[in-house]
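Undergrad: Got a structure here, written out as structure tokens. Questions coming.
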Amino acid sequence: MKYTAIAPANIAFIKYWGKADEVLRTPLNDSVSMNLSEAFTTTTVETLPDGMSDTVTFLGEEQHPDEERRVLGAVDRIRREAGMSDRVRIVTRNSFPKGIGAAASASGFAALTLAVYGAFGIRRTEKELTIAARLGSGSACRSIPDGFVLWEKGESSDTSFARSLYPHDYWDLMDILVIVDPTRKKVSTSAGMEQVRTSPYWKERVASVPDRVKRLLDAFEQKDIHALGAVIEEDCLSMHHVMQTQEPPLDYFNGMTRTLMELVPQWRAGGIAVFFTIDAGPNVHLISESRSVSDVTRRLEGVKGIRSVIVNRCAPGAHESHDHLF
Ligand code: PMV
């Protein structure tokens, strides 16, 4: 049996940083994200005849033994959960460079989860798929449901799942991803998060998240871009403050990141409703409504040092595709 899944990357408006439980990958706090239309992973999984071994191929990229191990670990977990023993051939391709803080692990593990269950011919509810994806990479659970997604931290593995808050066409929010450094990030999110409790500010951050989630939900209901943007920037700065005060300090910004963080409020003062957010890398996501995109891209043209710009709409969640990769 062969099954192909496509899953979007997602950008977090309220970030996930730090686990409550390392093995179960349950988070310290709730997080909220938007699925990205132009940054996605396609994965085809085929079950193999008896006696063959699992294989993983990353198309258009070098093979990374660590990533291969992590992928096969996720496959083993799904096999155990599903009571299956079939070996599989996995071929996967990203529409965007990996390891740049554009959440390739989110789209990757979401597509893998859907494709492995699909190839086994096993149906799971959306909630169950989000839990299985979370065990591969935390943020992957947010790439399963449609559109704008809330991952509830929960109290246990079964209660830590993601669900859609609003469908992708609810609000024409855009994510203008500004690539300032296309190379792989130096410290993985998993390694970085393990040190979260060495920051004197982590408890403060965790305690401040529920109020931001509430304000974000109000902003969504009103479709108030200024209220939403204020929450997004606040949460981004809160997460990076924790990262930068960990031991050892983790600073994902570079000079271009800081330049853009200074320009965005100036553009706002000039009347453009645009806000920044940054994940575990130097690249900057600019959040606006669709009517502001041309103003933002025009401003970006005047900034030296930008490598490329990817304009994303909000996208549906993980889904089946009939275009197999092999
Ligand atoms: O699930 P991971 O290990 O890719 O962690 C994602 C962490 C951030 O991108 C920094 C924040 C987030 O919520 O996506």
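Ordered as shown in the structure tokens, chains take letters A, B, and onward, while each chain numbers its residues from 1 and ligands are numbered from 1 in the order shown.
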Mind running chain A against ligand 1 at 6 Å and telling me each contacting residue's nearest atom pair with the distance in Å (one decimal), counting only C-alpha atoms and all ligand atoms, chain and number ascending, as JSON lines?

TA:
{"residue": "A:Ala12", "atom": "CA", "partner": "ligand 1", "partner_atom_place_in_ligand_line": "13 (O)", "distance": 4.8}
{"residue": "A:Lys15", "atom": "CA", "partner": "ligand 1", "partner_atom_place_in_ligand_line": "13 (O)", "distance": 3.7}
{"residue": "A:Tyr16", "atom": "CA", "partner": "ligand 1", "partner_atom_place_in_ligand_line": "13 (O)", "distance": 3.6}
{"residue": "A:Trp17", "atom": "CA", "partner": "ligand 1", "partner_atom_place_in_ligand_line": "7 (C)", "distance": 5.7}
{"residue": "A:Ala103", "atom": "CA", "partner": "ligand 1", "partner_atom_place_in_ligand_line": "4 (O)", "distance": 5.6}
{"residue": "A:Ser105", "atom": "CA", "partner": "ligand 1", "partner_atom_place_in_ligand_line": "4 (O)", "distance": 5.3}
{"residue": "A:Ala106", "atom": "CA", "partner": "ligand 1", "partner_atom_place_in_ligand_line": "4 (O)", "distance": 5.7}
{"residue": "A:Ser137", "atom": "CA", "partner": "ligand 1", "partner_atom_place_in_ligand_line": "1 (O)", "distance": 4.5}
{"residue": "A:Gly138", "atom": "CA", "partner": "ligand 1", "partner_atom_place_in_ligand_line": "1 (O)", "distance": 3.8}
{"residue": "A:Ser139", "atom": "CA", "partner": "ligand 1", "partner_atom_place_in_ligand_line": "1 (O)", "distance": 3.6}
{"residue": "A:Thr189", "atom": "CA", "partner": "ligand 1", "partner_atom_place_in_ligand_line": "3 (O)", "distance": 4.7}
{"residue": "A:Ser190", "atom": "CA", "partner": "ligand 1", "partner_atom_place_in_ligand_line": "3 (O)", "distance": 5.2}
{"residue": "A:Asp279", "atom": "CA", "partner": "ligand 1", "partner_atom_place_in_ligand_line": "10 (C)", "distance": 4.3}
{"residue": "A:Ala280", "atom": "CA", "partner": "ligand 1", "partner_atom_place_in_ligand_line": "10 (C)", "distance": 4.5}

Undergrad: Can you tell me, as a PyMOL selection string, what residues are no more than 12 Å from Ser37 of chain A when counting only C-alpha atoms, ignoring any on the same chain fewer than 3 positions away?

TA: chain A and resi 6-11+34+40-41+95-96+107+143+146-147+168-169+173-177+310-318

Undergrad: Deliver the residues from the most recent selection as a file, using C-alpha atoms, as an mmCIF file, in the first residue's frame.

TA:
data_model
loop_
_atom_site.group_PDB
_atom_site.id
_atom_site.type_symbol
_atom_site.label_atom_id
_atom_site.label_comp_id
_atom_site.auth_asym_id
_atom_site.auth_seq_id
_atom_site.Cartn_x
_atom_site.Cartn_y
_atom_site.Cartn_z
ATOM 1 C CA ILE A 6 1.042 16.921 2.270
ATOM 2 C CA ALA A 7 1.369 18.974 5.459
ATOM 3 C CA PRO A 8 2.021 22.697 5.887
ATOM 4 C CA ALA A 9 4.608 24.280 8.154
ATOM 5 C CA ASN A 10 3.100 26.619 10.717
ATOM 6 C CA ILE A 11 4.136 29.891 12.305
ATOM 7 C CA MET A 34 -1.221 29.642 11.422
ATOM 8 C CA PHE A 40 5.049 22.383 3.135
ATOM 9 C CA THR A 41 6.320 18.801 3.142
ATOM 10 C CA SER A 95 9.086 23.022 -0.585
ATOM 11 C CA PHE A 96 11.542 25.179 1.399
ATOM 12 C CA SER A 107 5.406 19.889 8.403
ATOM 13 C CA SER A 143 0.186 21.217 11.224
ATOM 14 C CA ASP A 146 -7.098 23.345 9.303
ATOM 15 C CA GLY A 147 -6.078 27.018 9.334
ATOM 16 C CA HIS A 168 -7.909 28.901 6.814
ATOM 17 C CA ASP A 169 -10.285 31.246 4.981
ATOM 18 C CA LEU A 173 -3.828 37.043 7.372
ATOM 19 C CA MET A 174 -0.519 36.685 5.555
ATOM 20 C CA ASP A 175 2.919 35.558 6.672
ATOM 21 C CA ILE A 176 5.677 37.248 4.679
ATOM 22 C CA LEU A 177 8.689 35.090 5.510
ATOM 23 C CA ILE A 310 8.123 33.837 0.706
ATOM 24 C CA VAL A 311 4.556 35.167 0.899
ATOM 25 C CA ASN A 312 2.220 32.702 2.648
ATOM 26 C CA ARG A 313 -1.555 32.654 2.995
ATOM 27 C CA CYS A 314 -3.186 30.617 5.738
ATOM 28 C CA ALA A 315 -3.484 26.994 4.592
ATOM 29 C CA PRO A 316 -5.585 23.901 5.283
ATOM 30 C CA GLY A 317 -4.037 21.214 7.473
ATOM 31 C CA ALA A 318 -2.418 17.901 6.535
#

Undergrad: Identify which of the residues A:Val309, A:Val56, A:Ala39, A:Ile287 lies closest to Arg69 of chain A, counting only C-alpha atoms when measuring atom-to-atom distances.

TA: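 Counting only C-alpha atoms, the residue closest to Arg69 of chain A is A:Val56.
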
Undergrad: Kindly give the distance, in Å, that separates atom CA of Lys127 of chain A and atom CA of Arg163 of chain A, rounded to a single decimal.

TA: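 We find that atom CA of Lys127 of chain A and atom CA of Arg163 of chain A lie 7.2 Å from each other.
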
Undergrad: Quote the spacing between atom CA of Ala191 of chain A and atom CA of Gly136 of chain A in Å to one decimal place.

TA: 14.5 Å

Undergrad: Mind checking which residues fall within 12 Å of Ile14 of chain A, counting only C-alpha atoms, ignoring those fewer than 3 positions away in the same chain, and posting them as a PyMOL selection string?

TA: chain A and resi 10-11+17+29-34+139+142+148-152+205-206+208-217+228-239+277-279

Undergrad: Once DSSP has gone over the backbone, tell me which residues of segment 153-233 of chain A are in alpha helix (DSSP H), as JSON, numbers by chain.

TA: {"A": [189, 190, 191, 192, 193, 194, 202, 203, 204, 205, 206, 207, 208, 209, 210, 211, 212, 213, 214, 215, 216, 217, 218, 219, 220, 221, 222, 225, 226, 227, 228, 229, 230, 231, 232, 233]}

Undergrad: Between A:Pro200, A:Tyr170, A:Arg134, A:Ser156, which one has atoms that come closest to Glu289 of chain A, using only C-alpha atoms?

TA: A:Tyr170

Undergrad: Please compute the atom CA of Ala207 of chain A-atom CA of Leu28 of chain A distance, one decimal, in Å.

TA: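 Computed distance, atom CA of Ala207 of chain A to atom CA of Leu28 of chain A, equals 9.8 Å.
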
Undergrad: Compile the contact shell of Asp295 of chain A as a PDB file with all heavy atoms, in the first residue's frame: residues with an atom at most 10 Å away, counting only C-alpha atoms, same-chain residues fewer than 6 positions apart removed.

TA:
ATOM      1  N   TRP A 267       7.583  51.208  10.037  1.00  0.00           N
ATOM      2  CA  TRP A 267       6.601  51.048   8.957  1.00  0.00           C
ATOM      3  C   TRP A 267       5.186  51.190   9.511  1.00  0.00           C
ATOM      4  O   TRP A 267       4.313  51.751   8.864  1.00  0.00           O
ATOM      5  CB  TRP A 267       6.771  49.684   8.277  1.00  0.00           C
ATOM      6  CG  TRP A 267       8.105  49.526   7.584  1.00  0.00           C
ATOM      7  CD1 TRP A 267       8.984  50.530   7.274  1.00  0.00           C
ATOM      8  CD2 TRP A 267       8.712  48.317   7.138  1.00  0.00           C
ATOM      9  NE1 TRP A 267      10.096  50.011   6.656  1.00  0.00           N
ATOM     10  CE2 TRP A 267       9.966  48.657   6.554  1.00  0.00           C
ATOM     11  CE3 TRP A 267       8.348  46.970   7.161  1.00  0.00           C
ATOM     12  CZ2 TRP A 267      10.822  47.699   6.008  1.00  0.00           C
ATOM     13  CZ3 TRP A 267       9.181  46.012   6.615  1.00  0.00           C
ATOM     14  CH2 TRP A 267      10.419  46.381   6.052  1.00  0.00           C
ATOM     15  N   GLY A 271       1.859  53.891   8.854  1.00  0.00           N
ATOM     16  CA  GLY A 271       0.486  53.515   8.465  1.00  0.00           C
ATOM     17  C   GLY A 271       0.297  52.094   7.950  1.00  0.00           C
ATOM     18  O   GLY A 271      -0.796  51.735   7.516  1.00  0.00           O
ATOM     19  N   ILE A 272       1.354  51.258   7.974  1.00  0.00           N
ATOM     20  CA  ILE A 272       1.199  49.873   7.490  1.00  0.00           C
ATOM     21  C   ILE A 272       1.001  48.944   8.705  1.00  0.00           C
ATOM     22  O   ILE A 272       1.857  48.909   9.593  1.00  0.00           O
ATOM     23  CB  ILE A 272       2.438  49.405   6.695  1.00  0.00           C
ATOM     24  CG1 ILE A 272       2.765  50.405   5.572  1.00  0.00           C
ATOM     25  CG2 ILE A 272       2.201  48.018   6.121  1.00  0.00           C
ATOM     26  CD1 ILE A 272       4.077  50.105   4.857  1.00  0.00           C
ATOM     27  N   ALA A 273      -0.075  48.196   8.723  1.00  0.00           N
ATOM     28  CA  ALA A 273      -0.352  47.300   9.858  1.00  0.00           C
ATOM     29  C   ALA A 273       0.422  45.998   9.669  1.00  0.00           C
ATOM     30  O   ALA A 273      -0.078  45.022   9.092  1.00  0.00           O
ATOM     31  CB  ALA A 273      -1.848  47.035   9.960  1.00  0.00           C
ATOM     32  N   VAL A 274       1.666  45.989  10.123  1.00  0.00           N
ATOM     33  CA  VAL A 274       2.533  44.816   9.974  1.00  0.00           C
ATOM     34  C   VAL A 274       3.276  44.574  11.282  1.00  0.00           C
ATOM     35  O   VAL A 274       3.646  45.531  11.983  1.00  0.00           O
ATOM     36  CB  VAL A 274       3.512  44.991   8.773  1.00  0.00           C
ATOM     37  CG1 VAL A 274       4.404  46.220   8.933  1.00  0.00           C
ATOM     38  CG2 VAL A 274       4.326  43.733   8.553  1.00  0.00           C
TER      39      VAL A 274
END

Undergrad: Among the residues of segment 54-285 of chain A, find those DSSP assigns to strand (DSSP E) from the backbone and print them as a ChimeraX atom specification.

TA: /A:55-58,88-94,148-151,162-166,173-179,274-277,284-285

Undergrad: Tell me which protein, DNA and RNA residues are within 9 Å of Tyr117 of chain A, counting only C-alpha atoms, leaving out same-chain ones fewer than 3 positions away, and put them as a list in words.

TA: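 Near Tyr117 of chain A, the qualifying residues are Tyr3, Ile78, Arg79, Ala82, Leu112, Thr113, Leu114, Phe120, Gly121, Ile122, Arg123, Arg124 and Leu129 of chain A.
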
Undergrad: Applying 6 Å and only C-alpha atoms, which residues near Phe58 of chain A remain after dropping the ones on its own chain fewer than 3 positions away? List them as a PyMOL selection string.

TA: chain A and resi 61+92-93
